[in-house]
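Peer 1: See run-v1.cif below, with mmCIF, C-alpha atoms.
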data_coords
#
loop_
_atom_site.group_PDB
_atom_site.id
_atom_site.type_symbol
_atom_site.label_atom_id
_atom_site.label_comp_id
_atom_site.auth_asym_id
_atom_site.auth_seq_id
_atom_site.Cartn_x
_atom_site.Cartn_y
_atom_site.Cartn_z
ATOM 1 C CA MET R 49 0.000 0.000 0.000
ATOM 2 C CA SER R 50 1.469 3.366 -0.992
ATOM 3 C CA ARG R 51 0.999 6.522 0.949
ATOM 4 C CA PHE R 52 0.552 9.975 -0.469
ATOM 5 C CA ARG R 53 3.066 12.499 0.861
ATOM 6 C CA ILE R 54 2.925 16.237 0.373
ATOM 7 C CA GLY R 55 6.425 17.488 -0.263
ATOM 8 C CA THR R 56 8.049 20.875 -0.717
ATOM 9 C CA ALA R 57 7.647 20.537 -4.479
ATOM 10 C CA ILE R 58 3.900 21.019 -3.984
ATOM 11 C CA VAL R 59 3.755 23.177 -0.833
ATOM 12 C CA VAL R 60 6.079 26.013 -1.939
ATOM 13 C CA PRO R 61 4.492 26.691 -5.359
ATOM 14 C CA THR R 62 1.001 26.413 -3.868
ATOM 15 C CA THR R 63 1.844 28.866 -1.087
ATOM 16 C CA VAL R 64 3.357 31.326 -3.556
ATOM 17 C CA SER R 65 0.280 31.035 -5.770
ATOM 18 C CA LEU R 66 -2.074 31.686 -2.859
ATOM 19 C CA VAL R 67 -0.086 34.745 -1.740
ATOM 20 C CA ALA R 68 -0.125 36.086 -5.312
ATOM 21 C CA LEU R 69 -3.871 35.529 -5.512
ATOM 22 C CA PHE R 70 -4.335 37.347 -2.181
ATOM 23 C CA PHE R 71 -2.494 40.423 -3.490
ATOM 24 C CA ALA R 72 -4.258 40.317 -6.845
ATOM 25 C CA LEU R 73 -7.660 40.310 -5.172
ATOM 26 C CA GLY R 74 -6.965 43.431 -3.139
ATOM 27 C CA GLY R 75 -4.961 41.992 -0.309
ATOM 28 C CA SER R 76 -2.192 44.503 -0.944
ATOM 29 C CA ALA R 77 -4.442 47.284 0.312
ATOM 30 C CA LEU R 78 -5.300 45.265 3.408
ATOM 31 C CA ALA R 79 -1.681 44.262 3.957
ATOM 32 C CA THR R 80 -0.572 47.912 3.907
ATOM 33 C CA GLY R 81 -3.365 49.034 6.234
ATOM 34 C CA GLY R 82 -5.401 50.621 3.485
ATOM 35 C CA SER R 83 -8.700 49.678 2.018
ATOM 36 C CA ALA R 84 -9.473 48.037 -1.297
ATOM 37 C CA ARG R 85 -11.536 51.135 -2.188
ATOM 38 C CA ALA R 86 -8.707 53.587 -1.482
ATOM 39 C CA VAL R 87 -7.990 54.098 -5.198
ATOM 40 C CA LYS R 88 -10.591 56.412 -6.655
ATOM 41 C CA PRO R 89 -11.260 55.993 -10.393
ATOM 42 C CA LEU R 90 -11.158 59.050 -12.641
ATOM 43 C CA THR R 91 -14.442 60.802 -13.127
ATOM 44 C CA PRO R 92 -15.563 61.235 -16.734
ATOM 45 C CA CYS R 93 -15.055 65.037 -16.586
ATOM 46 C CA ALA R 94 -11.659 64.929 -14.836
ATOM 47 C CA ASN R 95 -8.812 67.175 -15.989
ATOM 48 C CA GLY R 96 -6.829 65.592 -18.777
ATOM 49 C CA THR R 97 -9.750 63.644 -20.205
ATOM 50 C CA VAL R 98 -11.778 64.160 -23.360
ATOM 51 C CA LYS R 99 -14.905 65.889 -22.119
ATOM 52 C CA GLY R 100 -16.913 66.069 -25.326
ATOM 53 C CA ILE R 101 -17.005 64.754 -28.887
ATOM 54 C CA ALA R 102 -19.269 65.822 -31.722
ATOM 55 C CA LEU R 103 -19.033 64.472 -35.268
ATOM 56 C CA VAL R 104 -21.528 66.738 -37.017
ATOM 57 C CA THR R 105 -22.769 65.255 -40.286
ATOM 58 C CA GLY R 106 -26.260 66.655 -40.689
ATOM 59 C CA ASP R 107 -29.338 64.579 -41.354
ATOM 60 C CA LYS R 108 -30.537 63.255 -44.718
ATOM 61 C CA THR R 109 -31.195 66.834 -45.917
ATOM 62 C CA GLY R 110 -27.516 67.714 -45.416
ATOM 63 C CA ILE R 111 -25.428 69.510 -42.837
ATOM 64 C CA GLN R 112 -26.063 72.859 -44.536
ATOM 65 C CA ASN R 113 -29.729 72.560 -43.482
ATOM 66 C CA ILE R 114 -29.086 72.452 -39.736
ATOM 67 C CA ALA R 115 -31.372 75.093 -38.218
ATOM 68 C CA ASP R 116 -30.379 78.322 -36.467
ATOM 69 C CA THR R 117 -31.787 76.896 -33.203
ATOM 70 C CA TYR R 118 -30.015 74.245 -31.158
ATOM 71 C CA THR R 119 -30.830 70.609 -31.841
ATOM 72 C CA SER R 120 -29.626 67.429 -30.199
ATOM 73 C CA ALA R 121 -31.284 65.126 -32.737
ATOM 74 C CA ALA R 122 -29.230 61.964 -33.161
ATOM 75 C CA SER R 123 -29.678 62.200 -36.945
ATOM 76 C CA VAL R 124 -27.361 65.241 -37.231
ATOM 77 C CA PHE R 125 -24.465 63.528 -35.431
ATOM 78 C CA GLY R 126 -22.268 60.659 -36.529
ATOM 79 C CA VAL R 127 -20.896 60.404 -32.986
ATOM 80 C CA LYS R 128 -21.615 62.434 -29.868
ATOM 81 C CA TYR R 129 -20.408 62.323 -26.277
ATOM 82 C CA ASN R 130 -20.748 64.644 -23.292
ATOM 83 C CA CYS R 131 -18.935 63.683 -20.087
ATOM 84 C CA ALA R 132 -21.673 65.432 -18.093
ATOM 85 C CA GLY R 133 -24.172 62.841 -19.313
ATOM 86 C CA LYS R 134 -26.351 65.433 -21.038
ATOM 87 C CA GLY R 135 -27.018 65.848 -24.745
ATOM 88 C CA VAL R 136 -24.754 67.440 -27.328
ATOM 89 C CA GLN R 137 -26.315 70.334 -29.246
ATOM 90 C CA VAL R 138 -25.519 72.027 -32.546
ATOM 91 C CA ARG R 139 -26.933 74.934 -34.526
ATOM 92 C CA HIS R 140 -26.000 76.987 -37.545
ATOM 93 C CA ALA R 141 -24.544 80.270 -36.320
ATOM 94 C CA THR R 142 -26.921 82.990 -37.460
ATOM 95 C CA SER R 143 -25.676 84.918 -40.537
ATOM 96 C CA LEU R 144 -22.260 83.206 -40.486
ATOM 97 C CA PRO R 145 -20.798 80.239 -42.352
ATOM 98 C CA ALA R 146 -20.206 78.602 -38.970
ATOM 99 C CA TYR R 147 -21.744 76.244 -36.412
ATOM 100 C CA ASP R 148 -22.135 76.450 -32.638
ATOM 101 C CA VAL R 149 -21.708 73.233 -30.657
ATOM 102 C CA ARG R 150 -22.386 73.033 -26.952
ATOM 103 C CA PHE R 151 -22.111 70.387 -24.270
ATOM 104 C CA PRO R 152 -24.533 71.347 -21.441
ATOM 105 C CA GLY R 153 -23.079 70.894 -17.960
ATOM 106 C CA ASN R 154 -19.643 70.204 -19.397
ATOM 107 C CA PRO R 155 -16.672 72.125 -17.904
ATOM 108 C CA SER R 156 -14.499 72.033 -21.044
ATOM 109 C CA THR R 157 -12.906 75.290 -22.128
ATOM 110 C CA VAL R 158 -10.651 74.154 -24.977
ATOM 111 C CA ALA R 159 -11.535 72.314 -28.180
ATOM 112 C CA MET R 160 -9.995 71.193 -31.444
ATOM 113 C CA VAL R 161 -11.848 70.843 -34.722
ATOM 114 C CA SER R 162 -11.128 69.102 -38.002
ATOM 115 C CA ALA R 163 -13.061 68.909 -41.245
ATOM 116 C CA ASP R 164 -14.234 65.378 -41.970
ATOM 117 C CA GLY R 165 -14.207 64.163 -45.534
ATOM 118 C CA THR R 166 -12.214 64.557 -48.715
ATOM 119 C CA THR R 167 -12.354 68.362 -49.015
ATOM 120 C CA ALA R 168 -9.258 70.098 -47.690
ATOM 121 C CA ALA R 169 -10.421 72.815 -45.344
ATOM 122 C CA MET R 170 -9.034 75.208 -42.798
ATOM 123 C CA THR R 171 -10.813 75.030 -39.484
ATOM 124 C CA SER R 172 -11.039 77.209 -36.421
ATOM 125 C CA VAL R 173 -12.892 76.931 -33.134
ATOM 126 C CA VAL R 174 -13.606 79.750 -30.674
ATOM 127 C CA ARG R 175 -15.302 79.401 -27.295
ATOM 128 C CA GLN R 176 -18.338 81.640 -26.975
ATOM 129 C CA PRO R 177 -19.480 83.489 -23.811
ATOM 130 C CA ASP R 178 -22.393 81.035 -23.407
ATOM 131 C CA GLY R 179 -19.966 78.081 -23.317
ATOM 132 C CA ALA R 180 -20.620 76.925 -26.878
ATOM 133 C CA PHE R 181 -17.791 76.345 -29.333
ATOM 134 C CA ARG R 182 -18.095 78.227 -32.636
ATOM 135 C CA VAL R 183 -16.693 76.242 -35.557
ATOM 136 C CA PHE R 184 -15.549 77.953 -38.760
ATOM 137 C CA LEU R 185 -14.823 75.952 -41.920
ATOM 138 C CA VAL R 186 -13.194 77.644 -44.917
ATOM 139 C CA VAL R 187 -11.689 76.441 -48.176
ATOM 140 C CA PRO R 188 -9.399 78.249 -50.599
ATOM 141 C CA SER R 189 -11.021 79.430 -53.823
ATOM 142 C CA GLY R 190 -8.487 81.094 -56.052
ATOM 143 C CA ASN R 191 -6.906 83.814 -53.920
ATOM 144 C CA ASP R 192 -9.861 83.962 -51.546
ATOM 145 C CA LEU R 193 -11.099 81.935 -48.610
ATOM 146 C CA VAL R 194 -14.713 80.890 -48.735
ATOM 147 C CA GLY R 195 -16.713 79.891 -45.665
ATOM 148 C CA ARG R 196 -18.470 76.559 -46.069
ATOM 149 C CA ARG R 197 -21.606 75.228 -44.401
ATOM 150 C CA ASP R 198 -21.680 71.889 -46.198
ATOM 151 C CA LEU R 199 -18.621 70.209 -44.646
ATOM 152 C CA HIS R 200 -18.861 67.606 -41.910
ATOM 153 C CA PHE R 201 -16.596 68.241 -38.935
ATOM 154 C CA LEU R 202 -15.296 66.627 -35.778
ATOM 155 C CA LEU R 203 -15.041 68.672 -32.572
ATOM 156 C CA VAL R 204 -13.197 67.309 -29.534
ATOM 157 C CA ALA R 205 -13.484 69.275 -26.256
ATOM 158 C CA TYR R 206 -11.031 69.006 -23.355
#
Turn the structure described in the file into structure tokens.
Peer 2:
Amino acid sequence: MSRFRIGTAIVVPTTVSLVALFFALGGSALATGGSARAVKPLTPCANGTVKGIALVTGDKTGIQNIADTYTSAASVFGVKYNCAGKGVQVRHATSLPAYDVRFPGNPSTVAMVSADGTTAAMTSVVRQPDGAFRVFLVVPSGNDLVGRRDLHFLLVAY
């Protein structure tokens, strides 16, 4: 009759594995006197994060037909995100070849914009007093620059 013996070849690796599992499951916080909840995750609107995204494409009637009043209709956006959990809004800026995009409740103060598509365009974004970002899209035409309302654009707010 043979007997089963537990030797160091089994005990040492098993002990090391259990200690590793303990630390992996949050034991390191307990071992150092802390708590497993001591590490606070970043909030969606934290500094250094993207706070808003708007890919403005317009609906089936075209981006140039976006109204002069704010809309958050999903059909005018390819992608939209607001870290504050509220809607993203866009409107055509009255009497300008430009758009206003706003992220209600969002603390972002800086944004970057890029034309989306095959037309080379120069873009600019300026923060407005009401917190909206005004987007200008222009293309060269001979020696002139012409403002365009028919170009899709991507706005990223920080």
Peer 1: Which one is closest to Ser143 of chain R: R:Asp178, R:Asp107, R:Asp116, R:Asp198? Count all atoms listed in the file.
Peer 2: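 Of R:Asp178, R:Asp107, R:Asp116, R:Asp198, the one nearest Ser143 of chain R, counting all atoms listed in the file, is R:Asp116.
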Peer 1: The centre and edge lengths of an axis-aligned box containing all atoms of segment 191-204 of chain R present in the file, extended by 8 Å on each side, are to be given in Å to one decimal, as lines of an AutoDock Vina configuration file.
Peer 2:
center_x = -14.3
center_y = 75.3
center_z = -41.7
size_x = 30.8
size_y = 33.3
size_z = 40.4
Peer 1: Excluding segment 161-169 of chain R and its own-chain neighbours fewer than 2 positions away, which residues fall within 7 Å of it when counting only C-alpha atoms? Please give them as an mmCIF file with C-alpha atoms, in the frame of the given file.
Peer 2:
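selection_23.cif, written as the output of this step:
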data_model
loop_
_atom_site.group_PDB
_atom_site.id
_atom_site.type_symbol
_atom_site.label_atom_id
_atom_site.label_comp_id
_atom_site.auth_asym_id
_atom_site.auth_seq_id
_atom_site.Cartn_x
_atom_site.Cartn_y
_atom_site.Cartn_z
ATOM 1 C CA ALA R 159 -11.535 72.314 -28.180
ATOM 2 C CA THR R 171 -10.813 75.030 -39.484
ATOM 3 C CA SER R 172 -11.039 77.209 -36.421
ATOM 4 C CA VAL R 173 -12.892 76.931 -33.134
ATOM 5 C CA LEU R 185 -14.823 75.952 -41.920
ATOM 6 C CA VAL R 186 -13.194 77.644 -44.917
ATOM 7 C CA VAL R 187 -11.689 76.441 -48.176
ATOM 8 C CA LEU R 199 -18.621 70.209 -44.646
ATOM 9 C CA HIS R 200 -18.861 67.606 -41.910
ATOM 10 C CA PHE R 201 -16.596 68.241 -38.935
ATOM 11 C CA LEU R 202 -15.296 66.627 -35.778
ATOM 12 C CA LEU R 203 -15.041 68.672 -32.572
ATOM 13 C CA VAL R 204 -13.197 67.309 -29.534
#
Peer 1: Check the smallest atom-to-atom distance from each of R:Thr142, R:Thr157, R:Gln137, R:Gln176 to Leu103 of chain R using only C-alpha atoms, then report the winner.
Peer 2: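 Nearest candidate to Leu103 of chain R out of R:Thr142, R:Thr157, R:Gln137, R:Gln176: R:Gln137.
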Peer 1: Let me make sure I understand: among R:Val98, R:Met160, R:Val124, R:Ala205, which one has the smallest atom-to-atom distance to Gly110 of chain R if we use only C-alpha atoms?
Peer 2: R:Val124
Peer 1: R:Arg197, R:Gly96, R:Arg150, R:Thr91: which is nearest Ser120 of chain R, counting all atoms listed in the file?
Peer 2: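 The shortest atom-to-atom distance to Ser120 of chain R comes from R:Arg150.
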Peer 1: At a cut-off of 10 Å from (-24.1, 71.6, -21.5) in the coordinates of the file, what residues are picked up using all atoms listed in the file, written as a list in words?
Peer 2: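 Residues found, by chain and rising number: Gly100, Asn130, Cys131, Ala132, Gly133, Lys134, Gly135, Val136, Gln137, Val149, Arg150, Phe151, Pro152, Gly153, Asn154, Pro155, Ser156, Asp178, Gly179 and Ala180 of chain R.
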Peer 1: Keeping only C-alpha atoms, write those residues as an mmCIF file, in the coordinates of the input.
Peer 2:
data_model
loop_
_atom_site.group_PDB
_atom_site.id
_atom_site.type_symbol
_atom_site.label_atom_id
_atom_site.label_comp_id
_atom_site.auth_asym_id
_atom_site.auth_seq_id
_atom_site.Cartn_x
_atom_site.Cartn_y
_atom_site.Cartn_z
ATOM 1 C CA GLY R 100 -16.913 66.069 -25.326
ATOM 2 C CA ASN R 130 -20.748 64.644 -23.292
ATOM 3 C CA CYS R 131 -18.935 63.683 -20.087
ATOM 4 C CA ALA R 132 -21.673 65.432 -18.093
ATOM 5 C CA GLY R 133 -24.172 62.841 -19.313
ATOM 6 C CA LYS R 134 -26.351 65.433 -21.038
ATOM 7 C CA GLY R 135 -27.018 65.848 -24.745
ATOM 8 C CA VAL R 136 -24.754 67.440 -27.328
ATOM 9 C CA GLN R 137 -26.315 70.334 -29.246
ATOM 10 C CA VAL R 149 -21.708 73.233 -30.657
ATOM 11 C CA ARG R 150 -22.386 73.033 -26.952
ATOM 12 C CA PHE R 151 -22.111 70.387 -24.270
ATOM 13 C CA PRO R 152 -24.533 71.347 -21.441
ATOM 14 C CA GLY R 153 -23.079 70.894 -17.960
ATOM 15 C CA ASN R 154 -19.643 70.204 -19.397
ATOM 16 C CA PRO R 155 -16.672 72.125 -17.904
ATOM 17 C CA SER R 156 -14.499 72.033 -21.044
ATOM 18 C CA ASP R 178 -22.393 81.035 -23.407
ATOM 19 C CA GLY R 179 -19.966 78.081 -23.317
ATOM 20 C CA ALA R 180 -20.620 76.925 -26.878
#
